[in-house]
Structure formats: C-alpha cells, structure tokens
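Enquirer: Pasting a structure here, questions to come.
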Amino acid sequence: MMKGDTLIGIENLRLYFRTARGPLQAVDGVSLEIGRKPAMVIVGESGCGKTSLARAILRLLPRNVHTYTGQVHLNGVDLMQFGDERFRREVRWTKFALVSQAAMNSLNPVIKVGDQVAEPLLTHGLVGGKGEAAERARSACEMVGLPVDFLNRYAFELSGGMRQRVAIATALVANPALVVLDEPTSALDVLTQANIMNLLKEVKQKFRMRFVLITHDIATSSELADEAVVMYAGQVVERCDAGRFYRHPLHPYSQRLMASVPTLREDKELGFIPGQPPSLINPPPGCRFAERCPSRFGRCQEEPPFKKVEADHWVKCWLHG
Amino acid sequence: MARIAEGHSGEKSGSTLGRVGRYMLVRALTLGISVVIAVYITILIANMGGHVDQIKIGMIDEGIAAWVAADEELLALPRAEREEVIAKTREIRIAALGLDIPFPIRSVRYLTDAMSLDLGHSTTLMSDKGSRFVREILLERLPHTLLLFGTTSLLMFFVALFGALFLSRRYGSKLDQAVIALAPTSAAPAWFYGIFLILIFAAVLRLLPFGGFVAAPPPPTMWEYALSVLRHMVLPVSAMVIGGIFVSIYNWRTFFLIHSSEDYVEMAKAKGLSSGAIERQHILRPTLPPIITSFALMLIGMWMGAIVLETIFGWPGLGSLLWRAMRLFETAVVVGAVVIYAYLLVVTLFLLDIVYAVVDPRVKVGAEGRTS
C-alpha cells in the first residue's frame, strides 16, 4: 500500500476542557498540515497543549470536554464528521496509531505482550486468524529489535526500554498512515532514550508512514525531525522546515527556546525565558507570549495572524506580520 | 540485548515451582494456626471464660431444690441421710456434665474435639428430627441459610458488578447521581427495611407471607413446595437487596472508574477496541483478583446469615439458631457453628491464593520482579 501521499489537514481545531473556573483552552484554533514530510516534531513546554493536540487528532478525549470543534482531514475526508463507532472502525489504529507518553503503563499487566501487539489486527479483522496475527506481531517485534520470545512474557517482566519497543511494534503492526509518538522517551534513562531514538530513525527510513513526535526535549527531537512545529499556550506559533528551525527560528519564543538548549560543538551562554505561560482559562487577548516577550510592541495587544513568511515557514508574530 | 536475554533464560522455572510450593506450605501453616487461635478464643468467650460452669451448677442446684421439695419419700428421711442423698445426686449431675474437671483442662479438650469436628451434643436444643447432635442441628439449618443468603448474595454481586460497569460508562449521568444519592440508605441494616416490607406487603396488602420458610401445612407436590418457599423468600431477599445494593454499586463504580483511567485502557481505546472488549479485556481482567476476593468473602459471609434478619422473618436458618443457642448457653452449638465457619474461611482463603496465581501472572513468579 502506498502511504507516500498521506496528507492530514487540521483546520481550526479546538479542544477546551471544562474546569471549575471556566473552560480551559488547551488547543485553541490549531491549523496544520501533517504528512508533507515524513516526520513532524511538535515542541513546547509542559502544559502548552502538545498532548491535547495529539488527543484531539486521535479523538482520545477525557470526560471533561467542553468544546471539540474544527476539522481533521485525512486525504480529503473530514474525520470530524464520523460518528464514534465509524471513527473506531475506520480510523483508530488502522489510520492513526499512538505510542503513548507513559509507555511503562500502556501495557495491560495480565495479558501477554504478544497478544497485545496482535490485538489491533484481530480487532479490525486485518488478518485471517490468530496464527497470522501472531506471525505479524512477530515480524513487527523483529523490526523493533525485540527478541521474539518476549512475546510470551508479561509487561512486568520487561524493562522500560523493552516496553517502549513493544509500544512501537504495536503502533507499526497495523501499518497505519500516521503514528503519533507522544513523549516516547521521556520516562526512560538517557542511554535507553538514545536507543529508542535510533530505533525511531530506523523505522522512519524503513516505513512510508508519517510520524508526529511530540516532545519537550528539543535536542533529541532534532534527530528525527523533518518539520518542526512550536506550540505555546494552546496555539501553534511557528512551523517550518527542520533544518531552518534549529538554526534560525523566527518567533521570539522559538528563539528563546533554542537559546536554552545546550549544544555540543559551540560554547554558548544558555538563556532562559522569564515569567510563566498565561493561564489557559481566559487567556489574555492579543499575542499570548507578549507578556514574556523581549521585543513586544504596541501591536502585540492584537492577536497576530499565522502568516507564511517564506516557503514552508509560518510564524504567528507581528514582527513578521 | 544479550544481557537481557541471559537474565530471562529458562533456568528459573524449576525454582519458581519450589518457591510457590514453599509459599503455599507457609500459607497453610499460618492459616491453620489462626484457625486454632480463633476457635479457642470462641470457646473461651462462649463459656464466658468458665463462668458458664457457675450458671450450669446454679441450674443443677435449682433443679435439685425443686426435686427435694416435691419428693415426699426424701422428705421422710432423717436430716443427715437426706443431706447425703442430695449431695450425692448433685455430684452425679455435675459429673454428668463434666463440670467436675477444671475449666482450663476442659477447654483444651473442647478445642481438640472442635478441631476434629466432633462437635458434641446440646443440652436443650434439638433438631426438628429430635436429634441432640450439634452436627445434625447445624446441618439441618444450614441449607435454609444457604438458600436465602446464597440467592441474595449472587443477585447482589452480579447486579452490583454489572450495574457498576454500566454506571462507570455513564459517569455523571442522572442515573449515576441518583445511585450516589441513594448510597447512604445502606447505613440502615436489612432488617430495618424488612420491618417496613412486612408491614406493607404482609400486613396491609396481604400479598406475601409474614415470615417462615414454607406455608403450613407444607404443600404436597414438589412444584408447589418450591413456589411456596419462593414466596417466603421474596421479602427477606428484597430487604437485603434494598439495604445493600446502592452502596455496592457505588463502591464498584468508583473502583471501575479508577481502573478505567489506566493508560492501557486508553491504549485499548486508541487501538479501536469496542467498548465491550475494552471492559472485558482491559478493565475486568486486570481487576479480577479483587473481584474474586470480594466474591469469595461474600460467599463465606452468607454462611452465618444475619441473626436479626432471620429472626424477624422467622427463617429457620443458622442465624436464628445461633441467637437461640446464645440465649440458652448452648456452648456446643455456638462453638460448632464457629468452627465450621472458621474452617470454611481458611479453605476459601487458601483457594484464593491459588486462584490469584491463575488469574494474575504477577503472583505466579513471586514478589521479586524480573526486570532486566
């Protein structure tokens, strides 16, 4: 199956949560195009809405949803029009798969690992029977460097890195169009992180599916990224080609973010961003970064547009408006 | 990778069996010791630490006084001779009950008898067939209690379990809120609701019998007999269900809500499993050990029956028997019931340990995790 032409268009996606003090705007009008390049990285600090964006795309919503609107197109079809049952049958895992934030706990403790890897195949009737499902699960495990006999084990018998490999194998097994990796390495030690990132790079080269990597670890993300997206306070503030992003980001927040990352080959003074992000319950009007921005000026009172400044480079900032 | 594979090679399987065997042995021993202690404490309490002996001697004295007053032949005897006869009779009667042996020694004998299920015989209580063997008295009452409380418990357990699953899916709905609001009704005991049910359905509406096990005289055919028993069961079962169902549903619902926010449940949803499959595979299966525990403990719990409930409904079960036995100082019956109960509890706990190992792979291997 050709997956090269997969294109996921997100338009004006909003996900607000109900809280005691009013709706919390976790994802506020995000528009993106995923799939032009193999891997997109979404970076931003904790609480900026990265994971909520992933959940909004995958329709994995918590109970306290206030608003969930916008459009998610997959190759031109608006998935938001699908009912829950149709979405489950036609989209879940066969089109969108997930490697979750807490892979340590994403495995059921009382079901054998192999059965959990094969589960989506049997659920969606992608294989003839259990034998074929087990065969597919085996090959998925070989792909991610998991010893095949691990399939007969339980999650508690595996180390964190091995569990994460299981999670990746599970995501690949049904050959989806898009795999969302939500902080796949943040619960692991540095060595295992490196191993998993290498594995992901390998997987990216072998498969034609699209990847969205969500992380706050900018240094690690550069290993995988073809495209980078920066989120701040529930909004996308910059999106561009990875090569340009890591060297010349345009948004003041992105610049500050990059300045805070240590680099290997040059000696630089690490910067930090003063203040803290605004509350997402009744956020201030205008640019949400304005309060912490060193280069703010009068116009920042109004909300800046998300504007294309060059080919493949969009910024939400009046400096480039 | 080689390091990890090494740590997981098969050499552990033999020692795993050994460890499980050792564990089971230790479990059996500790459980056995706790049964002995529990039964001995019961013997001490049921005898009021030996004080029941004084009560029984008092009863003998009373009997003798009545006999002396009524026996003219005895009154005719000279005073010294009469005293001798009375003293001798008293001694014989005390010895007949074994009260001449000091209580501490007897308590140990009671213990060994009880543990070997030689439950002795009662002094005044009789089974309906006229037997004084404690074992027969208990066995006669047991099926009634099992029928009433077994039916109720099974009904409550499954209604509560599936009701809770249903509500956990509809968290925050009107029905959910109603059940939570009704949960405090379980603070009142079942017999409290029983009184009202008797009042309404038996006294006012005259739809159902006031109490008892079966109509008098018992219907001749088997079919009618069963129907009559069923009619007598309606009110006590309803009383217990009303008295317990809401808080049980509330309990399980919260339990399932907590477990349905586990990450692997979310993953199952992302994988596109149907909600039924998610419930079976990813909510019920990992929570099976606590569910089985509560089910097993509930099965034992119904043994004793509720003393007050059986008394109110005139249900001829173990509960009402125990109530009568306690008032009549029928130590043997009380101890006998407790011994059987203790054995049942221990056997259930032991079986639970084995069942755990079957349903939860983490138990099989033992506490030390084998993460590499």
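Ordered as shown in the structure tokens, chains take letters A, B, and onward, while each chain numbers its residues from 1 and ligands are numbered from 1 in the order shown.
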Show me which bits of chain A are within 6 Å of chain B, counting only C-alpha atoms, as a PDB file with C-alpha atoms, in the first residue's frame.
Expert:
ATOM      1  CA  ARG A  88     -13.368   3.463  15.801  1.00  0.00           C
ATOM      2  CA  ARG A  92      -8.433   4.022  15.045  1.00  0.00           C
ATOM      3  CA  TRP A  93      -5.089   2.253  14.683  1.00  0.00           C
ATOM      4  CA  ASN A 105       1.883   1.680  31.902  1.00  0.00           C
ATOM      5  CA  SER A 106       0.466   1.327  28.430  1.00  0.00           C
ATOM      6  CA  LEU A 107       0.655  -2.453  28.600  1.00  0.00           C
ATOM      7  CA  ASN A 108      -2.024  -4.474  30.321  1.00  0.00           C
ATOM      8  CA  VAL A 110      -2.253  -9.565  32.882  1.00  0.00           C
ATOM      9  CA  PRO A 120      -5.435  -4.383  16.733  1.00  0.00           C
ATOM     10  CA  GLU A 157       8.906  -8.902  33.076  1.00  0.00           C
ATOM     11  CA  LEU A 158      10.189  -6.288  30.620  1.00  0.00           C
ATOM     12  CA  SER A 159      12.415  -3.287  31.181  1.00  0.00           C
TER      13      SER A 159
END
Enquirer: Any chance you could list, as a PyMOL selection string, the residues in stretch 20-187 of chain A that come up strand (DSSP E) when DSSP is run on the backbone?
Expert: chain A and resi 24-34+39-43+65-74+77-78+96-99+178-182
Enquirer: Store the residues picked out above, limited to C-alpha atoms, as a PDB file, in the first residue's frame.
Expert:
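What ended up in part.pdb:
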ATOM      1  CA  LEU A  24      -9.544  25.739  29.650  1.00  0.00           C
ATOM      2  CA  GLN A  25      -8.388  26.355  26.097  1.00  0.00           C
ATOM      3  CA  ALA A  26      -5.885  23.508  25.754  1.00  0.00           C
ATOM      4  CA  VAL A  27      -5.925  23.556  21.955  1.00  0.00           C
ATOM      5  CA  ASP A  28      -7.062  26.840  20.529  1.00  0.00           C
ATOM      6  CA  GLY A  29      -7.616  27.056  16.809  1.00  0.00           C
ATOM      7  CA  VAL A  30      -4.729  24.949  15.549  1.00  0.00           C
ATOM      8  CA  SER A  31      -4.324  24.584  11.793  1.00  0.00           C
ATOM      9  CA  LEU A  32      -1.636  22.283  10.467  1.00  0.00           C
ATOM     10  CA  GLU A  33      -0.791  20.100   7.552  1.00  0.00           C
ATOM     11  CA  ILE A  34       0.808  16.821   8.538  1.00  0.00           C
ATOM     12  CA  ALA A  39       8.332  13.336  10.450  1.00  0.00           C
ATOM     13  CA  MET A  40       6.940  16.361  12.178  1.00  0.00           C
ATOM     14  CA  VAL A  41       8.098  17.375  15.610  1.00  0.00           C
ATOM     15  CA  ILE A  42       5.847  19.363  17.915  1.00  0.00           C
ATOM     16  CA  VAL A  43       7.784  21.091  20.679  1.00  0.00           C
ATOM     17  CA  VAL A  65     -14.524  18.059  27.269  1.00  0.00           C
ATOM     18  CA  HIS A  66     -16.076  21.483  26.885  1.00  0.00           C
ATOM     19  CA  THR A  67     -15.535  22.214  23.214  1.00  0.00           C
ATOM     20  CA  TYR A  68     -14.253  19.937  20.479  1.00  0.00           C
ATOM     21  CA  THR A  69     -14.546  21.523  17.069  1.00  0.00           C
ATOM     22  CA  GLY A  70     -12.628  22.012  13.857  1.00  0.00           C
ATOM     23  CA  GLN A  71     -11.694  19.728  11.007  1.00  0.00           C
ATOM     24  CA  VAL A  72      -9.313  16.820  10.700  1.00  0.00           C
ATOM     25  CA  HIS A  73      -8.985  15.776   7.079  1.00  0.00           C
ATOM     26  CA  LEU A  74      -7.361  12.537   6.072  1.00  0.00           C
ATOM     27  CA  VAL A  77     -12.142  13.231   4.111  1.00  0.00           C
ATOM     28  CA  ASP A  78     -13.215  15.151   7.205  1.00  0.00           C
ATOM     29  CA  PHE A  96      -3.862   6.729  13.332  1.00  0.00           C
ATOM     30  CA  ALA A  97      -1.745   4.849  15.858  1.00  0.00           C
ATOM     31  CA  LEU A  98      -0.249   6.075  19.102  1.00  0.00           C
ATOM     32  CA  VAL A  99       2.845   5.481  21.175  1.00  0.00           C
ATOM     33  CA  LEU A 178       0.140   8.213  10.886  1.00  0.00           C
ATOM     34  CA  VAL A 179       1.898   7.311  14.109  1.00  0.00           C
ATOM     35  CA  VAL A 180       1.725   9.840  16.922  1.00  0.00           C
ATOM     36  CA  LEU A 181       4.644   9.497  19.319  1.00  0.00           C
ATOM     37  CA  ASP A 182       3.715  11.317  22.491  1.00  0.00           C
TER      38      ASP A 182
END
Enquirer: Env of stretch 202-204 of chain A: 9 Å cut, atoms = only C-alpha atoms, seq-sep filter 2 positions within chain, self excluded. Answer as an MDAnalysis selection string.
Expert: chainID A and resid 38:39 143:144 197:200 206:211 224
Enquirer: For the residues in the current selection, export C-alpha atoms as a tab-separated table (two decimals), in the first residue's frame.
Expert:
chain	number	residue	atom	x	y	z
A	38	PRO	CA	7.87	12.05	6.91
A	39	ALA	CA	8.33	13.34	10.45
A	143	MET	CA	11.57	-4.88	13.24
A	144	VAL	CA	11.96	-3.00	16.53
A	197	MET	CA	15.62	7.46	19.09
A	198	ASN	CA	17.93	5.41	16.89
A	199	LEU	CA	15.22	2.83	16.51
A	200	LEU	CA	12.72	5.52	15.53
A	206	LYS	CA	12.02	1.73	6.54
A	207	PHE	CA	8.37	2.70	6.55
A	208	ARG	CA	6.46	5.16	4.45
A	209	MET	CA	4.04	6.14	7.18
A	210	ARG	CA	4.04	9.62	8.69
A	211	PHE	CA	5.23	10.40	12.18
A	224	LEU	CA	14.09	12.77	13.85
Enquirer: Got a sec: who's within 9 Å of A:Arg288, counting only C-alpha atoms, leaving out chain neighbours fewer than 2 positions off, as a VMD selection string?
Expert: chain A and resid 232 to 233 235 277 to 278 283 to 286 290 to 292 300 303
Enquirer: Restricting the calculation to only C-alpha atoms: of A:Lys201, A:Arg299, A:His251, A:Arg86, which residue gets closest to A:Leu213?
Expert: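 Counting only C-alpha atoms, the residue closest to A:Leu213 is A:Lys201.
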Enquirer: Find, counting only C-alpha atoms, the residue in B:Pro289, B:Pro104, B:Gly276, B:Pro217 that gets nearest to B:Ile354.
Expert: B:Pro289
